[in-house]
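Raw contents of my_file37.csv, CSV, C-alpha atoms:
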chain,number,residue,atom,x,y,z
V,1,GLY,CA,48.9,84.0,137.0
V,2,ALA,CA,49.7,86.8,139.5
V,3,VAL,CA,47.4,89.8,139.0
V,4,VAL,CA,48.1,93.4,140.2
V,5,SER,CA,45.4,96.1,140.0
V,6,GLN,CA,45.6,99.8,140.3
V,7,HIS,CA,42.9,102.3,141.1
V,8,PRO,CA,42.1,104.7,139.6
V,9,SER,CA,43.3,104.1,136.1
V,10,ARG,CA,43.0,107.8,135.3
V,11,VAL,CA,42.6,110.9,137.5
V,12,ILE,CA,42.4,114.6,136.8
V,13,CYS,CA,42.8,117.0,139.7
V,14,LYS,CA,43.3,120.6,140.4
V,15,SER,CA,46.7,121.9,141.5
V,16,GLY,CA,47.1,121.8,145.2
V,17,THR,CA,45.0,118.8,145.9
V,18,SER,CA,46.1,115.4,147.0
V,19,VAL,CA,45.6,112.2,145.1
V,20,LYS,CA,45.7,108.7,146.4
V,21,ILE,CA,46.6,105.7,144.1
V,22,GLU,CA,46.0,102.2,145.2
V,23,CYS,CA,48.0,99.1,144.2
V,24,ARG,CA,46.6,95.7,145.0
V,25,SER,CA,47.9,92.2,144.5
V,26,LEU,CA,44.8,90.2,143.8
V,27,ASP,CA,45.8,86.6,144.2
V,28,PHE,CA,49.1,86.6,146.1
V,29,GLN,CA,50.6,88.3,149.1
V,30,ALA,CA,53.3,90.8,148.4
V,31,THR,CA,55.6,91.9,151.2
V,32,THR,CA,57.3,94.3,148.8
V,33,MET,CA,55.8,96.6,146.2
V,34,PHE,CA,57.5,99.1,144.0
V,35,TRP,CA,56.3,102.5,142.6
V,36,TYR,CA,57.5,103.8,139.3
V,37,ARG,CA,56.9,107.0,137.4
V,38,GLN,CA,56.9,107.4,133.7
V,39,PHE,CA,56.9,110.7,132.0
V,40,PRO,CA,55.7,110.9,128.4
V,41,LYS,CA,58.0,109.1,126.0
V,42,GLN,CA,60.4,108.3,128.7
V,43,SER,CA,61.4,105.3,130.7
V,44,LEU,CA,60.1,104.0,134.0
V,45,MET,CA,61.9,105.4,136.9
V,46,LEU,CA,61.7,103.7,140.3
V,47,MET,CA,60.4,106.1,142.9
V,48,ALA,CA,60.3,103.9,146.0
V,49,THR,CA,60.2,100.5,147.4
V,50,SER,CA,57.3,99.8,149.7
V,51,ASN,CA,57.6,97.2,152.4
V,52,GLU,CA,54.7,95.9,154.4
V,53,GLY,CA,54.7,97.1,157.9
V,54,SER,CA,57.7,99.4,157.6
V,55,LYS,CA,58.7,102.7,156.0
V,56,ALA,CA,59.2,102.9,152.3
V,57,THR,CA,62.6,103.3,150.8
V,58,TYR,CA,62.8,106.2,148.4
V,59,GLU,CA,65.1,106.7,145.5
V,60,GLN,CA,67.5,109.6,145.4
V,61,GLY,CA,65.7,112.8,144.4
V,62,VAL,CA,62.2,111.6,145.3
V,63,GLU,CA,60.6,113.7,148.0
V,64,LYS,CA,59.3,111.6,150.8
V,65,ASP,CA,56.9,114.3,152.1
V,66,LYS,CA,55.4,114.7,148.6
V,67,PHE,CA,54.9,111.1,147.7
V,68,LEU,CA,53.5,109.3,150.7
V,69,ILE,CA,53.6,105.6,150.6
V,70,ASN,CA,51.7,103.3,152.9
V,71,HIS,CA,51.9,99.5,152.7
V,72,ALA,CA,49.5,98.6,155.4
V,73,SER,CA,48.7,95.0,154.3
V,74,LEU,CA,50.2,92.2,152.3
V,75,THR,CA,47.9,93.0,149.4
V,76,LEU,CA,47.7,96.8,149.3
V,77,SER,CA,50.1,99.7,148.9
V,78,THR,CA,49.0,103.3,148.4
V,79,LEU,CA,50.8,106.2,146.9
V,80,THR,CA,49.5,109.7,147.8
V,81,VAL,CA,50.7,112.6,145.8
V,82,THR,CA,50.3,115.5,148.2
V,83,SER,CA,49.7,119.1,147.0
V,84,ALA,CA,49.9,118.0,143.4
V,85,HIS,CA,51.2,120.4,140.8
V,86,PRO,CA,51.2,120.2,137.0
V,87,GLU,CA,54.8,118.9,137.0
V,88,ASP,CA,53.6,115.8,138.9
V,89,SER,CA,51.4,114.8,135.9
V,90,SER,CA,52.7,111.5,134.9
V,91,PHE,CA,52.0,107.8,134.5
V,92,TYR,CA,52.4,106.0,137.8
V,93,ILE,CA,52.9,102.2,137.7
V,94,CYS,CA,53.2,99.9,140.7
V,95,SER,CA,54.6,96.4,140.8
V,96,ALA,CA,54.2,93.7,143.4
V,97,ARG,CA,57.0,91.2,144.2
V,98,HIS,CA,55.7,87.7,144.1
V,99,PRO,CA,57.4,85.3,146.6
V,100,GLY,CA,58.1,82.7,143.9
V,101,GLN,CA,59.3,79.2,144.1
V,102,TYR,CA,62.7,79.9,142.9
V,103,THR,CA,65.4,82.3,144.1
V,104,TYR,CA,64.2,85.1,142.0
V,105,ASN,CA,61.1,86.9,143.3
V,106,GLU,CA,59.4,88.2,140.2
V,107,GLN,CA,57.6,91.5,140.0
V,108,PHE,CA,54.2,91.8,138.5
V,109,PHE,CA,53.1,95.1,137.2
V,110,GLY,CA,49.8,97.0,137.6
V,111,PRO,CA,48.1,98.6,134.6
V,112,GLY,CA,49.2,102.1,135.6
V,113,THR,CA,47.5,105.3,136.7
V,114,ARG,CA,47.6,108.4,134.5
V,115,LEU,CA,47.6,111.5,136.7
V,116,THR,CA,46.9,114.9,135.1
V,117,VAL,CA,47.2,117.9,137.3
V,118,LEU,CA,45.5,121.1,136.0
H,1,ALA,CA,76.2,101.1,139.0
H,2,GLN,CA,73.7,99.1,136.9
H,3,LYS,CA,72.8,100.6,133.6
H,4,VAL,CA,70.8,99.5,130.6
H,5,THR,CA,71.3,101.1,127.2
H,6,GLN,CA,68.8,100.9,124.3
H,7,ALA,CA,70.5,102.9,121.6
H,8,GLN,CA,67.6,102.7,119.2
H,9,THR,CA,65.0,105.3,120.1
H,10,GLU,CA,62.6,104.5,117.3
H,11,ILE,CA,62.5,101.9,114.6
H,12,SER,CA,60.0,101.8,111.8
H,13,VAL,CA,59.6,98.7,109.6
H,14,VAL,CA,57.1,97.4,107.1
H,15,GLU,CA,55.0,94.4,108.0
H,16,LYS,CA,56.7,91.0,107.6
H,17,GLU,CA,60.2,92.4,108.0
H,18,ASP,CA,62.4,91.1,110.7
H,19,VAL,CA,63.6,93.6,113.3
H,20,THR,CA,66.1,93.4,116.1
H,21,LEU,CA,66.0,95.6,119.2
H,22,ASP,CA,69.4,96.1,120.9
H,23,CYS,CA,70.1,96.1,124.6
H,24,VAL,CA,73.4,96.5,126.3
H,25,TYR,CA,73.8,96.4,130.0
H,26,GLU,CA,76.3,97.1,132.7
H,27,THR,CA,76.5,95.5,136.1
H,28,ARG,CA,79.1,94.5,138.7
H,29,ASP,CA,76.9,91.7,140.0
H,30,THR,CA,77.7,88.1,138.9
H,31,THR,CA,74.1,87.1,139.4
H,32,TYR,CA,71.6,89.2,137.7
H,33,TYR,CA,68.5,89.0,135.6
H,34,LEU,CA,67.6,90.5,132.3
H,35,PHE,CA,64.1,91.3,131.0
H,36,TRP,CA,62.2,92.5,128.0
H,37,TYR,CA,58.8,94.2,128.4
H,38,LYS,CA,56.3,95.4,125.8
H,39,GLN,CA,54.3,98.6,126.4
H,40,PRO,CA,51.5,99.1,124.0
H,41,PRO,CA,49.7,102.5,123.7
H,42,SER,CA,47.4,101.4,126.6
H,43,GLY,CA,50.4,101.7,128.9
H,44,GLU,CA,50.3,98.4,130.6
H,45,LEU,CA,53.6,96.6,130.7
H,46,VAL,CA,53.6,93.1,129.2
H,47,PHE,CA,56.2,90.7,130.4
H,48,LEU,CA,58.0,89.0,127.5
H,49,ILE,CA,61.0,87.2,129.0
H,50,ARG,CA,63.4,86.9,131.9
H,51,ARG,CA,66.9,85.5,131.6
H,52,ASN,CA,69.3,84.9,134.4
H,53,SER,CA,73.0,85.6,134.1
H,54,PHE,CA,74.0,81.9,134.2
H,55,ASP,CA,71.8,80.9,131.3
H,56,GLU,CA,73.2,82.0,128.0
H,57,GLN,CA,71.1,79.8,125.8
H,58,ASN,CA,69.2,81.7,123.2
H,59,GLU,CA,65.4,81.5,123.4
H,60,ILE,CA,62.7,81.4,120.8
H,61,SER,CA,59.0,81.9,121.5
H,62,GLY,CA,57.0,81.9,118.3
H,63,ARG,CA,58.1,85.0,116.3
H,64,TYR,CA,60.2,86.3,119.2
H,65,SER,CA,63.8,85.3,119.9
H,66,TRP,CA,66.4,86.5,122.2
H,67,ASN,CA,70.2,86.5,122.0
H,68,PHE,CA,72.0,86.8,125.3
H,69,GLN,CA,75.8,87.3,125.0
H,70,LYS,CA,77.6,87.9,128.3
H,71,SER,CA,80.9,88.5,126.4
H,72,THR,CA,79.4,91.7,124.9
H,73,SER,CA,76.9,92.4,127.7
H,74,SER,CA,74.1,92.3,125.3
H,75,PHE,CA,70.6,90.9,125.3
H,76,ASN,CA,69.0,91.6,121.9
H,77,PHE,CA,65.5,90.9,120.9
H,78,THR,CA,64.4,89.9,117.4
H,79,ILE,CA,60.9,89.8,116.0
H,80,THR,CA,60.5,87.7,112.9
H,81,ALA,CA,57.9,88.5,110.3
H,82,SER,CA,56.7,91.6,112.2
H,83,GLN,CA,53.1,92.5,112.4
H,84,VAL,CA,51.2,95.7,113.0
H,85,VAL,CA,50.2,94.5,116.4
H,86,ASP,CA,53.9,94.4,117.4
H,87,SER,CA,53.9,98.2,117.4
H,88,ALA,CA,54.7,99.3,120.9
H,89,VAL,CA,57.5,100.6,123.0
H,90,TYR,CA,59.9,97.8,124.1
H,91,PHE,CA,61.9,98.1,127.3
H,92,CYS,CA,64.9,96.1,128.3
H,93,ALA,CA,65.5,95.9,132.0
H,94,LEU,CA,68.1,94.6,134.5
H,95,SER,CA,67.5,93.4,138.0
H,96,GLU,CA,70.0,94.4,140.6
H,97,ASN,CA,70.0,92.9,144.0
H,98,GLN,CA,70.6,95.4,146.7
H,99,GLY,CA,70.2,94.0,150.2
H,100,GLY,CA,67.9,91.3,149.0
H,101,SER,CA,65.4,93.6,147.3
H,102,GLU,CA,65.6,93.2,143.6
H,103,LYS,CA,65.2,96.5,141.8
H,104,LEU,CA,64.6,96.8,138.2
H,105,VAL,CA,66.6,99.3,136.1
H,106,PHE,CA,65.0,100.0,132.8
H,107,GLY,CA,66.5,101.2,129.5
H,108,LYS,CA,64.9,104.2,127.8
H,109,GLY,CA,62.9,102.0,125.5
H,110,THR,CA,62.7,101.5,121.7
H,111,LYS,CA,59.5,102.6,120.0
H,112,LEU,CA,58.7,100.1,117.2
H,113,THR,CA,56.3,101.0,114.5
H,114,VAL,CA,55.2,98.3,112.1
H,115,ASN,CA,53.5,99.7,109.1
H,116,PRO,CA,51.1,97.7,106.9

For this file, write the structure as structure tokens.
Amino acid sequence: GAVVSQHPSRVICKSGTSVKIECRSLDFQATTMFWYRQFPKQSLMLMATSNEGSKATYEQGVEKDKFLINHASLTLSTLTVTSAHPEDSSFYICSARHPGQYTYNEQFFGPGTRLTVL
Amino acid sequence: AQKVTQAQTEISVVEKEDVTLDCVYETRDTTYYLFWYKQPPSGELVFLIRRNSFDEQNEISGRYSWNFQKSTSSFNFTITASQVVDSAVYFCALSENQGGSEKLVFGKGTKLTVNP
């Protein structure tokens, strides 16, 4: 099956530092990847859609300058949380869109990255 | 706008009981997809099922079954003879197609606790 990995799985950082999270599709090429954020006991909220070779599309209310997304290759997208603050502490999940056989291009999810900002 | 409502925030049952998780959706699209995901305490999303809007057949997979009714915009999920390992948060989701890029809209989730 299609596998998506994320690194790191868990990160603790000091307020004001930047953190980079990687999302990789291991056995397929993904032209589109998605980044979600999930606060404790809440649902997954789409932050942005990452397209290989072009700028990411951000959802309303998500700061582009704070959450930098780079999709430099067909198997890797990165999310950088710049100048992180405690309110950015959350569970970040990526998904990669698999170019499937049928009309629907299924998303496969990574295991998530738990960010804690002190 | 697309919307997914999971009215049950938390459900607690005793092992071997049957339990149904409700999901109601709103969409203007005629073509859409519905999903159920399981999120155990580890956090990783586990895909359970995808159903497209043209297929209203109910589906059964082991102890799991799904009831899709377009007339009531519902896609309910039933676990038969629940087990402790079924304890998790379950999310219903709807795929909307905007400009060819399918985006998933999630419900708020239902936390299921199965007690021994």

Closest of H:Gln69, H:Glu102, H:Gln2, H:Lys111 to Asp55 of chain H, counting all atoms listed in the file, is H:Gln69

Interface rows for chain H against chain V: nearest pair, Å to one decimal, 8 Å, only C-alpha atoms, as a Markdown table:
| residue | atom | partner | partner_atom | distance |
| --- | --- | --- | --- | --- |
| H:Gly43 | CA | V:Gly112 | CA | 6.8 |
| H:Glu44 | CA | V:Pro111 | CA | 4.6 |
| H:Leu45 | CA | V:Phe109 | CA | 6.7 |
| H:Phe91 | CA | V:Ser43 | CA | 8.0 |
| H:Glu102 | CA | V:Asn105 | CA | 7.7 |
| H:Leu104 | CA | V:Leu46 | CA | 7.8 |
| H:Val105 | CA | V:Met45 | CA | 7.7 |
| H:Phe106 | CA | V:Leu44 | CA | 6.4 |
| H:Gly107 | CA | V:Ser43 | CA | 6.7 |
| H:Lys108 | CA | V:Ser43 | CA | 4.7 |
| H:Gly109 | CA | V:Ser43 | CA | 6.3 |

* Asked: Can you tell me, as a list in words, what residues are no more than 7 Å from segment 63-73 of chain V when counting all atoms listed in the file, ignoring any on the same chain fewer than 2 positions away?
  -> Ser50, Asn51, Glu52, Gly53, Ala56, Tyr58, Gly61, Thr75, Leu76, Ser77, Thr78, Leu79, Thr80, Val81 and Thr82 of chain V

Of H:Asn52, H:Ser82, H:Ser12, H:Thr20, the one sitting nearest Glu96 of chain H when using all atoms listed in the file is H:Asn52

Record the distance separating atom CA of Leu118 of chain V and atom CA of Pro40 of chain V, expressed in Å with one decimal.
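Going from atom CA of Leu118 of chain V over to atom CA of Pro40 of chain V covers 16.3 Å.
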
- Could you check how far atom CA of Glu10 of chain H sits from atom CA of Arg50 of chain H, in Å to one decimal?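 Result for atom CA of Glu10 of chain H versus atom CA of Arg50 of chain H: 22.9 Å, one decimal.
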
ask   = Neighbours of Ser87 of chain H within 10 Å (only C-alpha atoms; same-chain residues fewer than 4 positions away dropped), as a list of chain:residue names?
value = H:Ile11, H:Ser12, H:Val13, H:Lys38, H:Gln39, H:Pro40, H:Pro41, H:Ser82, H:Gln83, H:Lys111, H:Leu112, H:Thr113, H:Val114, H:Asn115

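Reported to one decimal place, the separation of atom CA of Phe39 of chain V from atom CA of Asp27 of chain V is 29.2 Å.
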
Counting all atoms listed in the file, closest pick from V:His7, V:Ser90, V:Tyr36, V:Thr116 relative to Glu22 of chain V is V:His7

Which neighbours of Thr72 of chain H fall inside 9 Å, counting all atoms listed in the file, when residues of the same chain fewer than 4 positions from it are skipped, and could you give them as a PDB file with C-alpha atoms, in the frame of the given file?
ATOM      1  CA  VAL H  24      73.400  96.500 126.300  1.00  0.00           C
ATOM      2  CA  TYR H  25      73.800  96.400 130.000  1.00  0.00           C
ATOM      3  CA  PHE H  68      72.000  86.800 125.300  1.00  0.00           C
TER       4      PHE H  68
END

Asp22 of chain H: which residues within 7 Å, counting all atoms listed in the file, same-chain residues fewer than 4 positions away excluded, as a ChimeraX atom specification?
/H:6-7,75-77
